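So this block is structure_26.txt, compact mmCIF, C-alpha atoms:
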# COMPACT_ATOMS: atom_id res chain seq x y z
CA MET A 1 90.09 86.93 72.23
CA SER A 2 92.59 84.65 70.48
CA CYS A 3 91.41 81.22 69.36
CA THR A 4 94.96 79.92 69.03
CA ALA A 5 95.40 76.60 70.81
CA GLN A 6 97.68 76.65 73.80
CA LYS A 7 101.17 75.34 73.24
CA PRO A 8 101.56 72.06 75.17
CA PRO A 9 104.25 72.00 77.85
CA GLU A 10 107.37 69.91 77.97
CA TYR A 11 108.31 68.04 81.14
CA ILE A 12 111.38 67.32 83.20
CA THR A 13 111.55 64.95 86.16
CA ALA A 14 112.53 66.47 89.49
CA ASP A 15 114.81 64.67 91.92
CA ASN A 16 111.82 63.25 93.81
CA GLY A 17 110.31 61.86 90.59
CA THR A 18 107.69 64.59 90.14
CA SER A 19 107.03 65.71 86.55
CA ILE A 20 107.51 69.47 86.22
CA ALA A 21 105.86 71.23 83.28
CA TRP A 22 107.74 73.98 81.45
CA LEU A 23 107.46 76.08 78.30
CA ASN A 24 109.80 78.13 76.16
CA ASP A 25 108.64 81.01 74.00
CA GLY A 26 110.58 83.14 71.56
CA ALA A 27 114.10 82.12 70.61
CA SER A 28 115.53 78.68 71.29
CA PRO A 29 116.19 78.10 75.00
CA THR A 30 119.79 77.22 74.12
CA GLU A 31 120.36 80.63 72.53
CA ALA A 32 123.22 82.28 74.44
CA GLN A 33 123.90 85.34 72.24
CA ARG A 34 121.10 87.47 73.73
CA CYS A 35 119.85 87.66 77.29
CA GLY A 36 116.65 85.69 77.92
CA THR A 37 114.09 85.72 80.71
CA PHE A 38 112.97 83.16 83.29
CA TRP A 39 109.59 83.28 85.01
CA LEU A 40 108.90 82.30 88.63
CA GLY A 41 105.22 82.39 89.52
CA GLY A 42 103.46 82.99 92.79
CA PHE A 43 101.84 80.89 95.50
CA LYS A 44 99.10 78.75 93.91
CA SER A 45 99.43 80.49 90.54
CA ASP A 46 100.46 78.95 87.22
CA MET A 47 102.69 79.72 84.27
CA ARG A 48 99.83 80.73 81.95
CA GLY A 49 98.72 83.78 83.90
CA SER A 50 98.39 87.20 82.29
CA LYS A 51 101.84 88.49 83.25
CA ALA A 52 103.57 85.36 81.96
CA GLU A 53 101.56 85.44 78.72
CA VAL A 54 102.51 89.07 78.08
CA LEU A 55 106.16 88.23 78.68
CA ALA A 56 105.83 85.28 76.28
CA ASP A 57 104.42 87.63 73.60
CA HIS A 58 107.29 90.01 74.23
CA ALA A 59 109.84 87.21 73.92
CA ARG A 60 108.44 86.17 70.56
CA ALA A 61 108.43 89.76 69.30
CA SER A 62 111.95 90.50 70.53
CA GLU A 63 113.40 87.08 69.63
CA ARG A 64 114.48 86.38 73.17
CA SER A 65 114.01 83.08 74.98
CA PHE A 66 111.40 83.08 77.76
CA VAL A 67 111.27 79.98 79.96
CA ARG A 68 108.45 79.47 82.43
CA PHE A 69 107.34 76.49 84.54
CA ASP A 70 104.86 75.29 87.14
CA TYR A 71 105.94 74.26 90.62
CA SER A 72 104.76 70.86 91.82
CA GLY A 73 101.09 71.04 92.79
CA HIS A 74 100.59 74.03 90.49
CA GLY A 75 99.20 74.29 86.98
CA GLU A 76 100.25 71.44 84.71
CA SER A 77 102.91 69.92 86.94
CA ASP A 78 102.33 66.76 88.96
CA GLY A 79 102.20 66.56 92.73
CA GLU A 80 99.93 67.86 95.47
CA PHE A 81 99.96 71.52 96.43
CA VAL A 82 99.87 70.73 100.16
CA ASP A 83 103.10 68.73 99.85
CA GLY A 84 105.02 71.72 98.55
CA THR A 85 107.62 73.69 100.48
CA ILE A 86 109.94 76.56 99.64
CA SER A 87 112.82 74.05 99.50
CA SER A 88 111.08 71.78 96.99
CA TRP A 89 109.86 74.64 94.79
CA LEU A 90 113.31 76.25 94.86
CA ASP A 91 114.94 72.96 93.87
CA GLN A 92 112.49 72.66 90.98
CA ALA A 93 113.21 76.22 89.87
CA GLN A 94 116.92 75.48 89.87
CA ALA A 95 116.41 72.24 87.94
CA VAL A 96 114.39 73.97 85.20
CA PHE A 97 116.83 76.87 85.08
CA THR A 98 119.84 74.57 84.76
CA ARG A 99 118.37 72.09 82.29
CA CYS A 100 116.03 74.24 80.19
CA ALA A 101 117.20 77.86 80.29
CA GLN A 102 120.76 78.16 79.07
CA GLY A 103 122.61 81.43 78.72
CA ARG A 104 122.24 84.67 80.64
CA ARG A 105 118.78 85.23 82.13
CA VAL A 106 116.75 87.91 83.82
CA LEU A 107 114.84 86.23 86.65
CA ILE A 108 111.29 87.59 86.87
CA GLY A 109 109.47 86.58 90.05
CA SER A 110 105.93 87.45 91.09
CA SER A 111 104.89 87.43 94.77
CA MET A 112 106.30 84.17 96.21
CA GLY A 113 108.23 83.87 92.96
CA GLY A 114 110.11 87.02 93.93
CA TRP A 115 111.40 85.25 97.04
CA ILE A 116 112.34 82.17 95.05
CA ALA A 117 114.05 84.37 92.45
CA LEU A 118 116.23 85.86 95.20
CA LEU A 119 117.02 82.40 96.56
CA LEU A 120 117.84 81.05 93.11
CA ALA A 121 120.10 84.03 92.41
CA LYS A 122 121.82 83.44 95.76
CA ARG A 123 122.46 79.80 94.83
CA LEU A 124 123.86 80.76 91.43
CA ILE A 125 126.20 83.32 92.97
CA GLU A 126 127.41 80.86 95.61
CA ALA A 127 128.04 78.28 92.85
CA GLY A 128 130.20 80.74 90.92
CA GLN A 129 127.55 81.26 88.22
CA ALA A 130 126.81 84.94 88.75
CA ASP A 131 127.55 85.48 85.04
CA ARG A 132 124.25 83.73 84.27
CA LEU A 133 122.31 86.51 85.98
CA GLY A 134 121.28 89.29 83.64
CA GLY A 135 119.13 90.86 86.34
CA LEU A 136 116.12 90.41 88.61
CA ILE A 137 112.62 91.84 88.27
CA LEU A 138 110.58 91.33 91.43
CA ILE A 139 106.83 91.98 91.25
CA ALA A 140 105.26 92.49 94.69
CA PRO A 141 108.01 90.28 96.15
CA ALA A 142 106.80 88.12 99.04
CA ALA A 143 110.29 87.46 100.40
CA ASP A 144 110.24 85.69 103.78
CA MET A 145 106.47 85.37 103.39
CA THR A 146 106.10 82.30 105.62
CA LYS A 147 107.32 84.38 108.56
CA ASP A 148 106.54 88.03 107.83
CA LEU A 149 103.31 87.63 105.85
CA MET A 150 101.92 84.46 107.42
CA TRP A 151 103.26 83.42 110.84
CA ASP A 152 103.71 86.96 112.19
CA LYS A 153 100.61 88.41 110.50
CA TYR A 154 97.72 85.96 110.74
CA GLY A 155 97.43 85.85 114.52
CA ASP A 156 97.12 83.35 117.38
CA ASP A 157 94.25 81.30 115.92
CA PHE A 158 96.26 80.65 112.77
CA ARG A 159 99.40 79.69 114.69
CA ASP A 160 97.45 77.41 117.04
CA GLU A 161 95.68 75.61 114.19
CA VAL A 162 98.86 75.13 112.19
CA MET A 163 100.64 73.61 115.18
CA ARG A 164 97.72 71.41 116.29
CA LEU A 165 96.35 70.27 112.93
CA GLY A 166 99.38 70.70 110.71
CA LYS A 167 97.57 73.07 108.34
CA TYR A 168 95.31 76.11 108.07
CA GLU A 169 92.80 76.83 105.31
CA ARG A 170 92.73 80.52 104.49
CA PRO A 171 90.01 81.89 102.15
CA SER A 172 91.34 83.22 98.86
CA GLU A 173 90.21 86.31 96.96
CA TYR A 174 91.49 84.77 93.75
CA SER A 175 89.97 81.27 93.88
CA ASP A 176 86.95 79.38 95.20
CA GLU A 177 89.38 77.05 96.94
CA PRO A 178 91.17 78.19 100.09
CA TYR A 179 94.92 78.55 100.41
CA VAL A 180 96.11 75.60 102.49
CA ILE A 181 99.07 76.72 104.58
CA THR A 182 100.86 73.77 106.14
CA ARG A 183 103.11 73.50 109.15
CA ALA A 184 105.74 71.99 106.84
CA LEU A 185 105.63 75.11 104.65
CA ILE A 186 106.07 77.41 107.65
CA GLU A 187 108.88 75.40 109.23
CA ASP A 188 110.71 74.86 105.96
CA GLY A 189 110.42 78.55 105.07
CA ALA A 190 112.37 79.43 108.20
CA GLN A 191 115.46 77.90 106.55
CA HIS A 192 115.30 80.40 103.68
CA LEU A 193 114.79 83.79 105.36
CA VAL A 194 116.86 86.47 103.62
CA LEU A 195 115.62 89.91 104.60
CA ASP A 196 117.33 90.32 107.96
CA GLN A 197 120.75 89.21 106.75
CA GLY A 198 120.45 90.88 103.35
CA LEU A 199 121.64 89.91 99.88
CA HIS A 200 124.15 91.46 97.50
CA MET A 201 123.20 91.30 93.85
CA PRO A 202 125.89 91.89 91.19
CA CYS A 203 123.24 92.63 88.56
CA PRO A 204 120.36 95.09 88.04
CA VAL A 205 117.36 94.60 90.35
CA ARG A 206 113.97 96.17 89.67
CA ILE A 207 111.10 95.98 92.16
CA LEU A 208 107.59 96.77 90.90
CA GLN A 209 105.07 97.23 93.69
CA GLY A 210 101.42 98.29 93.87
CA GLU A 211 100.56 100.94 96.44
CA ASP A 212 97.22 99.28 97.30
CA ASP A 213 98.43 95.68 97.44
CA PRO A 214 96.56 93.92 100.31
CA ASP A 215 98.67 90.74 100.17
CA VAL A 216 102.20 92.13 99.99
CA PRO A 217 102.05 95.65 101.47
CA TRP A 218 104.35 98.20 99.88
CA GLN A 219 106.15 98.50 103.21
CA HIS A 220 107.18 94.86 102.91
CA ALA A 221 108.41 95.34 99.35
CA LEU A 222 110.39 98.34 100.56
CA LYS A 223 111.94 96.11 103.23
CA THR A 224 113.04 93.82 100.40
CA TYR A 225 114.49 96.82 98.56
CA HIS A 226 116.54 97.79 101.61
CA ALA A 227 117.70 94.18 102.10
CA VAL A 228 119.11 93.94 98.56
CA SER A 229 122.42 95.72 98.09
CA GLY A 230 124.08 96.40 94.76
CA GLU A 231 125.05 99.17 92.38
CA ASP A 232 121.79 99.11 90.39
CA VAL A 233 118.72 98.48 92.56
CA MET A 234 115.49 100.38 91.92
CA PHE A 235 112.06 100.42 93.55
CA GLU A 236 108.96 101.60 91.66
CA LEU A 237 105.74 102.20 93.59
CA ILE A 238 102.68 102.14 91.35
CA LYS A 239 99.83 104.46 92.35
CA HIS A 240 96.62 102.51 93.08
CA GLY A 241 98.33 99.27 92.02
CA ASP A 242 96.93 96.02 93.41
CA HIS A 243 98.70 92.72 94.03
CA ARG A 244 98.34 91.27 90.56
CA LEU A 245 99.45 94.35 88.62
CA SER A 246 97.78 92.82 85.57
CA GLY A 247 96.10 95.91 84.11
CA GLU A 248 97.12 96.97 80.62
CA ARG A 249 99.42 99.78 81.75
CA ASN A 250 101.08 97.61 84.39
CA LEU A 251 101.65 94.80 81.89
CA SER A 252 103.22 97.29 79.47
CA LEU A 253 105.49 98.50 82.26
CA LEU A 254 106.53 94.92 82.98
CA SER A 255 107.39 94.24 79.33
CA GLU A 256 109.31 97.51 79.07
CA THR A 257 111.23 96.76 82.24
CA ALA A 258 112.09 93.26 81.06
CA GLU A 259 113.38 94.55 77.72
CA ALA A 260 115.40 97.32 79.36
CA VAL A 261 117.12 94.95 81.79
CA CYS A 262 117.77 92.38 79.04
CA ALA A 263 119.22 95.07 76.77
CA GLN A 264 121.44 96.23 79.59
CA ALA A 265 122.71 92.67 80.05
CA ASP A 266 123.34 92.39 76.29
CA MET A 267 125.60 95.45 76.45
CA ILE A 268 127.72 93.84 79.14
CA GLY A 269 128.21 90.83 76.86

Here is a file; write its structure as structure tokens.
Amino acid sequence: MSCTAQKPPEYITADNGTSIAWLNDGASPTEAQRCGTFWLGGFKSDMRGSKAEVLADHARASERSFVRFDYSGHGESDGEFVDGTISSWLDQAQAVFTRCAQGRRVLIGSSMGGWIALLLAKRLIEAGQADRLGGLILIAPAADMTKDLMWDKYGDDFRDEVMRLGKYERPSEYSDEPYVITRALIEDGAQHLVLDQGLHMPCPVRILQGEDDPDVPWQHALKTYHAVSGEDVMFELIKHGDHRLSGERNLSLLSETAEAVCAQADMIG
């Protein structure tokens, strides 16, 4: 185990005044000659998880820029988790991307971060900034999760409690604290549904999905695959893979995939 002290984050201020923590590893974040990467974490996760750390190591070794951040109410950012919505976390992702991650980037989103990566890419394309997209890597993408994986899945007791009390506390396999799912999160998420209408991506898209994922079933990830159109979209189903995909072989696959997509973007220029 390394005894190296953690690098302290930098901060930007979001539009609502919340301080958002971010880090850059590898080359300077203003480096535009080579494609860099941009990390979007999952629901109630943080930017220092195992997948992000492996990508940071890869960025340093390959001299690419890797920018990661914490949503409000997550990790080292300010704010309360229960106040978060897809809209606010997407706005924060766009703010960090615009202000801290110059040049062409491969967006790498895990779980909820996969949904936000798709939404961020959609915003960039609509703003005429598709040239900033080197590609997308979606790990167990929880696209449309507030509807497909929460509202439609958890049953009548969940829906009744959310509507009556404004929140529902769901036990977590990954933390002693429950996931608090708010009515605001559910209602706001309905504004950002993408799977039924579909998305066209003018860049490579790679989906990495565990076969035994209990949180984002492979069938849902396959639905995301079918919803994304483009000339270079691939889906990889990992035998016996869980939701985190944080085993040594899976982490190696993630690094290899990131380098391959970045190198492909470098060739385009």

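Of the residues under consideration (A:Gly36, A:Gly210, A:Pro178, A:Gly189), A:Gly189 shows the shortest atom-to-atom contact distance to A:Leu149 when counting only C-alpha atoms.
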
A:Ile125 environment, 12 Å, all atoms listed in the file, sequence neighbours closer than 6 positions dropped, as a PyMOL selection string: chain A and resi 118-119+131-133+199-203

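Of the residues listed (A:Leu195, A:Val233, A:Leu124, A:Ile137), A:Ile137 shows the shortest atom-to-atom separation from A:Thr37; distances use all atoms listed in the file.
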
Among listed residues A:Val180, A:Ala61, A:Ala142, A:Leu253, nearest A:Glu80 (using all atoms listed in the file): A:Val180

Residue contacts of A:Pro214 (8 Å, all atoms listed in the file) excluding same-chain residues fewer than 2 positions away, as number ranges by chain: A: 212, 216-217, 242-243

Hey, what's within 9 Å of A:Ala14 if we count all atoms listed in the file and toss same-chain stuff fewer than 2 positions away? As an mmCIF file with C-alpha atoms, in the frame of the given file, please?
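Here's the written file selection-v8.cif:
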data_model
loop_
_atom_site.group_PDB
_atom_site.id
_atom_site.type_symbol
_atom_site.label_atom_id
_atom_site.label_comp_id
_atom_site.auth_asym_id
_atom_site.auth_seq_id
_atom_site.Cartn_x
_atom_site.Cartn_y
_atom_site.Cartn_z
ATOM 1 C CA ILE A 12 111.380 67.320 83.200
ATOM 2 C CA ASN A 16 111.820 63.250 93.810
ATOM 3 C CA GLY A 17 110.310 61.860 90.590
ATOM 4 C CA THR A 18 107.690 64.590 90.140
ATOM 5 C CA SER A 19 107.030 65.710 86.550
ATOM 6 C CA ILE A 20 107.510 69.470 86.220
ATOM 7 C CA ASP A 91 114.940 72.960 93.870
ATOM 8 C CA GLN A 92 112.490 72.660 90.980
ATOM 9 C CA ALA A 95 116.410 72.240 87.940
ATOM 10 C CA VAL A 96 114.390 73.970 85.200
#

Pick from A:Ala56, A:Ala5, A:Leu251, A:Ala221 nearest to A:Arg206, counting all atoms listed in the file: A:Ala221

Which of A:Leu237, A:Ala260, A:Ile86, A:Met112 sits closest to A:Asp46 [using only C-alpha atoms]: A:Met112
